[in-house]
Protein chains: 2
Amino acid sequence: MKELNPLLHSQLRLAVMSILMNVEEADFVYLRQKTESTAGNLSVQLDKLSSAGYITVEKGFVGKKPRTACRVTKKGKQAFEEYVDTLRQYIGL
Amino acid sequence: MKELNPLLHSQLRLAVMSILMNVEEADFVYLRQKTESTAGNLSVQLDKLSSAGYITVEKGFVGKKPRTACRVTKKGKQAFEEYVDTLRQYIGL
DNA sequence: GAAATTTGGTTTATAAAATAAAGTTGTTTA
DNA sequence: TAAACAACTTTATTTTATAAACCAAATTTC
């Protein structure tokens, strides 16, 4: 049995990735609301995805408010798709 | 977003459950080989699944050798199916 | 036939992960 | 201008997963 990429096999990181797979980009606040996570947890998990090169995290400003925008990278997409394939072998779809 | 049952969202426990979903019963040794896990880890995870009522664990003997047989329960099947459904919402199948 | 090895595990300790709590910086509002 | 808020980050705590050590019984080896 192939191993499930542990970076993706985490509730919150998987949720974030699955959101990012379906949109151009999403900001911190949006991800926080959609995933109903705490800011701390989200921050940590975004860092991990970013360190792995699965997403880009761009910190900027809109007016005077900070805004952190995230996008999935090509590498992230590949990893996600491979993860899904592996999962299929487990749950049999 | 619905939460992924944390009892099932674990590599090894998910592997065990997915095996048990497809066979009448499986013993410790078989599960260990199929999942390539250590005995210790498998033992712990079987306990958790058993405590949750997702599987039954029956310790017996074949000749003089101990044999631990596992089966998924109705509750386990339901939980597994719900987990898969939830997962679908994440990964979009 | 005693010592070492294997089998089939369990229990305990360690490492890694997730989560929560507290802290930071700048901003708006009363 | 002080209190509250927004958007995060950092650190601490708790939970989980994994690995290491151990145990009992049977089997093999010397």
# chains A, B, ... in the order shown; residues from 1 in each chain; ligands from 1
call {"tool": "residues_around", "arguments": {"residues": "Lys74 in chain A", "least_positions_apart": "4", "cutoff": "12 Å", "atoms": "only C-alpha atoms (C1' of nucleotides)", "output": "PyMOL selection string"}}
result
chain A and resi 20-21+52-56+78-81
call {"tool": "write_last_selection", "arguments": {"atoms": "C-alpha atoms", "output": "CSV table (one decimal), in the first residue's frame"}}
result
chain,number,residue,atom,x,y,z
A,20,LEU,CA,-7.0,26.4,-3.6
A,21,MET,CA,-7.4,23.7,-6.3
A,52,ALA,CA,7.0,22.4,0.9
A,53,GLY,CA,6.5,24.5,-2.2
A,54,TYR,CA,2.8,23.5,-2.5
A,55,ILE,CA,1.5,27.0,-2.3
A,56,THR,CA,2.7,30.6,-2.6
A,78,GLN,CA,0.8,17.4,-8.7
A,79,ALA,CA,1.1,16.4,-5.1
A,80,PHE,CA,-2.6,16.9,-4.5
A,81,GLU,CA,-3.5,14.7,-7.5
call {"tool": "closest_atom_pairs", "arguments": {"of": "chain A", "to": "chain B", "cutoff": "6 Å", "atoms": "only C-alpha atoms", "output": "CSV"}}
result
residue,atom,partner,partner_atom,distance
A:Ser18,CA,B:Tyr90,CA,5.8
A:Tyr90,CA,B:Ser18,CA,5.8
A:Ile91,CA,B:Ser18,CA,5.9
call {"tool": "select_by_dssp", "arguments": {"residues": "chain B", "states": "strand (DSSP E)", "output": "PyMOL selection string"}}
result
chain B and resi 26-27+55-62+65-72
call {"tool": "closest_atom_pairs", "arguments": {"of": "range 9-73 of chain A", "to": "range 7-27 of chain C", "cutoff": "10 Å", "atoms": "only C-alpha atoms (C1' of nucleotides)", "output": "CSV"}}
result
residue,atom,partner,partner_atom,distance
A:Ser10,CA,C:DA18,C1',8.9
A:Gln11,CA,C:DA18,C1',9.6
A:Leu12,CA,C:DA18,C1',9.3
A:Ser37,CA,C:DT19,C1',9.6
A:Thr38,CA,C:DA20,C1',8.5
A:Gly40,CA,C:DA20,C1',8.1
A:Asn41,CA,C:DT19,C1',6.5
A:Val44,CA,C:DA18,C1',9.6
A:Gln45,CA,C:DA18,C1',9.4
A:Lys64,CA,C:DT27,C1',8.0
A:Lys65,CA,C:DT27,C1',8.2
A:Pro66,CA,C:DG26,C1',9.4
call {"tool": "write_last_selection", "arguments": {"atoms": "C-alpha atoms", "output": "compact mmCIF listing (two decimals), in the first residue's frame"}}
result
# COMPACT_ATOMS: atom_id res chain seq x y z
CA SER A 10 -4.11 16.49 7.53
CA GLN A 11 -7.61 17.82 7.87
CA LEU A 12 -6.79 21.49 7.69
CA SER A 37 -10.02 27.17 11.76
CA THR A 38 -8.25 29.38 14.25
CA GLY A 40 -2.92 30.33 14.69
CA ASN A 41 -3.54 26.91 13.31
CA VAL A 44 1.12 27.27 10.93
CA GLN A 45 -0.39 25.04 8.27
CA LYS A 64 -4.14 49.94 5.06
CA LYS A 65 -5.18 46.42 5.87
CA PRO A 66 -2.76 43.56 5.47
call {"tool": "calpha_fit_and_write", "arguments": {"fixed": "chain A", "moving": "chain B", "output": "short mmCIF file (atom, residue, chain, number, x, y, z; two decimals) with N, CA and C atoms, in the first residue's frame"}}
result
data_model
loop_
_atom_site.label_atom_id
_atom_site.label_comp_id
_atom_site.auth_asym_id
_atom_site.auth_seq_id
_atom_site.Cartn_x
_atom_site.Cartn_y
_atom_site.Cartn_z
N MET B 1 0.94 -1.19 0.01
CA MET B 1 0.08 0.00 -0.04
C MET B 1 0.94 1.26 -0.05
N LYS B 2 0.68 2.09 -0.99
CA LYS B 2 1.44 3.34 -1.11
C LYS B 2 1.12 4.26 0.06
N GLU B 3 2.09 5.03 0.48
CA GLU B 3 1.82 5.90 1.63
C GLU B 3 1.11 7.18 1.20
N LEU B 4 0.25 7.64 2.08
CA LEU B 4 -0.47 8.88 1.83
C LEU B 4 0.41 10.07 2.25
N ASN B 5 0.79 10.87 1.30
CA ASN B 5 1.60 12.06 1.58
C ASN B 5 1.17 12.73 2.89
N PRO B 6 2.00 12.63 3.92
CA PRO B 6 1.58 13.13 5.23
C PRO B 6 1.37 14.64 5.26
N LEU B 7 1.99 15.32 4.35
CA LEU B 7 1.78 16.78 4.31
C LEU B 7 0.37 17.13 3.88
N LEU B 8 -0.20 16.26 3.07
CA LEU B 8 -1.57 16.52 2.62
C LEU B 8 -2.59 15.80 3.48
N HIS B 9 -2.13 14.74 4.13
CA HIS B 9 -3.08 13.95 4.94
C HIS B 9 -3.27 14.58 6.31
N SER B 10 -3.78 15.76 6.31
CA SER B 10 -4.09 16.48 7.54
C SER B 10 -5.34 17.29 7.24
N GLN B 11 -6.27 17.19 8.13
CA GLN B 11 -7.59 17.81 7.90
C GLN B 11 -7.49 19.23 7.33
N LEU B 12 -6.80 20.08 8.09
CA LEU B 12 -6.78 21.49 7.70
C LEU B 12 -6.00 21.74 6.41
N ARG B 13 -4.82 21.11 6.31
CA ARG B 13 -4.04 21.34 5.09
C ARG B 13 -4.77 20.80 3.87
N LEU B 14 -5.44 19.69 4.03
CA LEU B 14 -6.21 19.15 2.91
C LEU B 14 -7.35 20.08 2.53
N ALA B 15 -8.00 20.64 3.53
CA ALA B 15 -9.09 21.58 3.27
C ALA B 15 -8.57 22.80 2.50
N VAL B 16 -7.46 23.33 2.95
CA VAL B 16 -6.87 24.49 2.29
C VAL B 16 -6.53 24.15 0.84
N MET B 17 -5.87 23.03 0.66
CA MET B 17 -5.47 22.64 -0.68
C MET B 17 -6.68 22.42 -1.58
N SER B 18 -7.70 21.81 -1.04
CA SER B 18 -8.86 21.53 -1.89
C SER B 18 -9.57 22.82 -2.28
N ILE B 19 -9.51 23.81 -1.40
CA ILE B 19 -10.07 25.12 -1.77
C ILE B 19 -9.22 25.74 -2.87
N LEU B 20 -7.92 25.73 -2.65
CA LEU B 20 -7.02 26.39 -3.61
C LEU B 20 -7.01 25.70 -4.98
N MET B 21 -7.36 24.44 -4.99
CA MET B 21 -7.44 23.73 -6.27
C MET B 21 -8.58 24.27 -7.12
N ASN B 22 -9.52 24.91 -6.48
CA ASN B 22 -10.72 25.36 -7.21
C ASN B 22 -10.84 26.86 -7.43
N VAL B 23 -9.86 27.61 -6.95
CA VAL B 23 -9.91 29.05 -7.19
C VAL B 23 -8.53 29.57 -7.59
N GLU B 24 -8.53 30.70 -8.24
CA GLU B 24 -7.28 31.38 -8.61
C GLU B 24 -6.41 31.62 -7.40
N GLU B 25 -7.02 32.33 -6.44
CA GLU B 25 -6.31 32.59 -5.20
C GLU B 25 -7.32 32.81 -4.08
N ALA B 26 -6.85 32.66 -2.87
CA ALA B 26 -7.71 32.86 -1.71
C ALA B 26 -6.88 33.53 -0.63
N ASP B 27 -7.50 34.44 0.10
CA ASP B 27 -6.72 35.10 1.14
C ASP B 27 -6.95 34.46 2.50
N PHE B 28 -6.11 34.87 3.43
CA PHE B 28 -6.10 34.31 4.77
C PHE B 28 -7.50 34.31 5.40
N VAL B 29 -8.13 35.46 5.35
CA VAL B 29 -9.44 35.61 5.97
C VAL B 29 -10.46 34.64 5.35
N TYR B 30 -10.44 34.54 4.05
CA TYR B 30 -11.36 33.64 3.37
C TYR B 30 -11.11 32.19 3.78
N LEU B 31 -9.86 31.79 3.79
CA LEU B 31 -9.52 30.42 4.16
C LEU B 31 -9.94 30.12 5.60
N ARG B 32 -9.71 31.12 6.43
CA ARG B 32 -10.09 30.98 7.84
C ARG B 32 -11.58 30.75 8.00
N GLN B 33 -12.37 31.51 7.27
CA GLN B 33 -13.82 31.37 7.36
C GLN B 33 -14.29 30.04 6.79
N LYS B 34 -13.80 29.72 5.61
CA LYS B 34 -14.22 28.50 4.94
C LYS B 34 -13.87 27.26 5.75
N THR B 35 -12.70 27.28 6.33
CA THR B 35 -12.25 26.09 7.05
C THR B 35 -12.66 26.12 8.52
N GLU B 36 -13.14 27.25 8.98
CA GLU B 36 -13.51 27.41 10.38
C GLU B 36 -12.35 27.05 11.32
N SER B 37 -11.18 27.44 10.92
CA SER B 37 -10.02 27.16 11.75
C SER B 37 -9.63 28.41 12.54
N THR B 38 -8.77 28.22 13.52
CA THR B 38 -8.24 29.37 14.24
C THR B 38 -7.12 29.99 13.40
N ALA B 39 -6.87 31.27 13.63
CA ALA B 39 -5.83 31.96 12.88
C ALA B 39 -4.47 31.30 13.10
N GLY B 40 -4.21 30.94 14.35
CA GLY B 40 -2.93 30.33 14.68
C GLY B 40 -2.69 29.04 13.93
N ASN B 41 -3.66 28.18 14.00
CA ASN B 41 -3.54 26.91 13.31
C ASN B 41 -3.38 27.12 11.80
N LEU B 42 -4.19 27.98 11.25
CA LEU B 42 -4.11 28.24 9.81
C LEU B 42 -2.74 28.78 9.44
N SER B 43 -2.25 29.70 10.22
CA SER B 43 -0.94 30.28 9.96
C SER B 43 0.14 29.20 9.89
N VAL B 44 0.13 28.34 10.88
CA VAL B 44 1.12 27.25 10.93
C VAL B 44 1.01 26.34 9.70
N GLN B 45 -0.20 25.97 9.38
CA GLN B 45 -0.37 25.02 8.28
C GLN B 45 -0.05 25.65 6.93
N LEU B 46 -0.35 26.92 6.77
CA LEU B 46 0.02 27.61 5.52
C LEU B 46 1.54 27.64 5.39
N ASP B 47 2.22 27.87 6.49
CA ASP B 47 3.68 27.83 6.49
C ASP B 47 4.21 26.50 6.00
N LYS B 48 3.60 25.44 6.50
CA LYS B 48 4.09 24.12 6.10
C LYS B 48 3.87 23.87 4.61
N LEU B 49 2.69 24.24 4.14
CA LEU B 49 2.42 24.05 2.71
C LEU B 49 3.35 24.92 1.87
N SER B 50 3.60 26.09 2.38
CA SER B 50 4.48 27.01 1.67
C SER B 50 5.93 26.50 1.67
N SER B 51 6.39 26.04 2.80
CA SER B 51 7.76 25.49 2.89
C SER B 51 7.95 24.30 1.96
N ALA B 52 6.89 23.55 1.78
CA ALA B 52 6.97 22.39 0.90
C ALA B 52 6.90 22.79 -0.57
N GLY B 53 6.60 24.06 -0.80
CA GLY B 53 6.47 24.52 -2.18
C GLY B 53 5.13 24.16 -2.81
N TYR B 54 4.17 23.85 -1.98
CA TYR B 54 2.86 23.48 -2.51
C TYR B 54 1.98 24.70 -2.77
N ILE B 55 2.26 25.77 -2.05
CA ILE B 55 1.51 27.02 -2.26
C ILE B 55 2.45 28.21 -2.19
N THR B 56 2.00 29.33 -2.73
CA THR B 56 2.72 30.58 -2.53
C THR B 56 1.89 31.43 -1.59
N VAL B 57 2.58 32.18 -0.74
CA VAL B 57 1.90 33.04 0.21
C VAL B 57 2.44 34.45 0.01
N GLU B 58 1.53 35.34 -0.38
CA GLU B 58 1.97 36.69 -0.73
C GLU B 58 1.34 37.69 0.22
N LYS B 59 2.18 38.35 0.98
CA LYS B 59 1.67 39.33 1.94
C LYS B 59 1.69 40.72 1.35
N GLY B 60 0.53 41.37 1.33
CA GLY B 60 0.47 42.72 0.79
C GLY B 60 -0.51 43.55 1.58
N PHE B 61 -0.94 44.65 0.98
CA PHE B 61 -1.92 45.50 1.65
C PHE B 61 -3.03 45.87 0.67
N VAL B 62 -4.23 45.97 1.24
CA VAL B 62 -5.35 46.54 0.48
C VAL B 62 -5.75 47.76 1.28
N GLY B 63 -5.43 48.92 0.76
CA GLY B 63 -5.60 50.14 1.55
C GLY B 63 -4.61 50.02 2.70
N LYS B 64 -5.14 50.04 3.88
CA LYS B 64 -4.25 49.94 5.03
C LYS B 64 -4.31 48.59 5.72
N LYS B 65 -5.14 47.73 5.15
CA LYS B 65 -5.27 46.42 5.78
C LYS B 65 -4.33 45.39 5.15
N PRO B 66 -3.67 44.63 5.97
CA PRO B 66 -2.82 43.57 5.43
C PRO B 66 -3.67 42.52 4.74
N ARG B 67 -3.11 41.93 3.74
CA ARG B 67 -3.84 40.88 3.03
C ARG B 67 -2.85 39.82 2.58
N THR B 68 -3.13 38.59 2.96
CA THR B 68 -2.26 37.48 2.63
C THR B 68 -2.96 36.60 1.60
N ALA B 69 -2.40 36.57 0.42
CA ALA B 69 -3.04 35.81 -0.65
C ALA B 69 -2.29 34.50 -0.92
N CYS B 70 -3.04 33.43 -1.06
CA CYS B 70 -2.43 32.12 -1.30
C CYS B 70 -2.87 31.53 -2.63
N ARG B 71 -1.93 30.87 -3.25
CA ARG B 71 -2.21 30.15 -4.49
C ARG B 71 -1.52 28.80 -4.45
N VAL B 72 -2.09 27.85 -5.12
CA VAL B 72 -1.45 26.55 -5.21
C VAL B 72 -0.45 26.59 -6.37
N THR B 73 0.68 25.95 -6.18
CA THR B 73 1.69 25.90 -7.25
C THR B 73 1.50 24.65 -8.10
N LYS B 74 2.27 24.58 -9.16
CA LYS B 74 2.21 23.39 -10.01
C LYS B 74 2.58 22.15 -9.19
N LYS B 75 3.63 22.29 -8.40
CA LYS B 75 4.07 21.20 -7.54
C LYS B 75 2.95 20.78 -6.58
N GLY B 76 2.26 21.78 -6.06
CA GLY B 76 1.16 21.49 -5.15
C GLY B 76 0.04 20.74 -5.83
N LYS B 77 -0.25 21.16 -7.06
CA LYS B 77 -1.31 20.48 -7.80
C LYS B 77 -0.95 19.02 -8.05
N GLN B 78 0.30 18.82 -8.45
CA GLN B 78 0.74 17.45 -8.70
C GLN B 78 0.63 16.59 -7.45
N ALA B 79 1.11 17.15 -6.36
CA ALA B 79 1.07 16.41 -5.10
C ALA B 79 -0.37 16.09 -4.70
N PHE B 80 -1.23 17.06 -4.87
CA PHE B 80 -2.64 16.86 -4.52
C PHE B 80 -3.24 15.74 -5.37
N GLU B 81 -2.94 15.79 -6.66
CA GLU B 81 -3.52 14.77 -7.53
C GLU B 81 -2.99 13.38 -7.22
N GLU B 82 -1.73 13.33 -6.89
CA GLU B 82 -1.16 12.04 -6.53
C GLU B 82 -1.78 11.53 -5.23
N TYR B 83 -1.96 12.44 -4.33
CA TYR B 83 -2.60 12.08 -3.05
C TYR B 83 -3.99 11.50 -3.29
N VAL B 84 -4.74 12.17 -4.13
CA VAL B 84 -6.10 11.71 -4.44
C VAL B 84 -6.07 10.32 -5.07
N ASP B 85 -5.12 10.13 -5.98
CA ASP B 85 -4.98 8.82 -6.61
C ASP B 85 -4.71 7.73 -5.57
N THR B 86 -3.79 8.04 -4.67
CA THR B 86 -3.44 7.07 -3.63
C THR B 86 -4.66 6.77 -2.77
N LEU B 87 -5.36 7.82 -2.43
CA LEU B 87 -6.54 7.68 -1.61
C LEU B 87 -7.56 6.75 -2.27
N ARG B 88 -7.67 6.86 -3.57
CA ARG B 88 -8.60 6.01 -4.31
C ARG B 88 -8.30 4.54 -4.07
N GLN B 89 -7.00 4.24 -4.01
CA GLN B 89 -6.62 2.85 -3.78
C GLN B 89 -7.07 2.39 -2.40
N TYR B 90 -7.08 3.30 -1.47
CA TYR B 90 -7.51 2.95 -0.12
C TYR B 90 -9.01 2.76 -0.06
N ILE B 91 -9.72 3.78 -0.49
CA ILE B 91 -11.16 3.76 -0.26
C ILE B 91 -11.94 3.17 -1.41
N GLY B 92 -11.23 2.88 -2.50
CA GLY B 92 -11.88 2.21 -3.62
C GLY B 92 -13.00 3.01 -4.24
N LEU B 93 -12.64 3.92 -5.12
CA LEU B 93 -13.68 4.68 -5.83
C LEU B 93 -13.65 4.28 -7.30
#
call {"tool": "interface_residues", "arguments": {"of": "chain D", "to": "chain B", "cutoff": "9 Å", "atoms": "only C-alpha atoms (C1' of nucleotides)", "output": "list of chain:residue names"}}
result
D:DA17, D:DT18, D:DA19, D:DA25, D:DA26
call {"tool": "write_last_selection", "arguments": {"atoms": "C-alpha atoms (C1' of nucleotides)", "output": "compact mmCIF listing (two decimals), in the first residue's frame"}}
result
# COMPACT_ATOMS: atom_id res chain seq x y z
C1' DA D 17 1.47 8.52 15.71
C1' DT D 18 5.38 5.88 15.74
C1' DA D 19 9.14 3.39 17.49
C1' DA D 25 5.17 -19.35 24.51
C1' DA D 26 6.84 -22.27 20.95
call {"tool": "select_by_dssp", "arguments": {"residues": "chain A", "states": "alpha helix (DSSP H)", "output": "PyMOL selection string"}}
result
chain A and resi 11-20+28-35+39-51+74-91
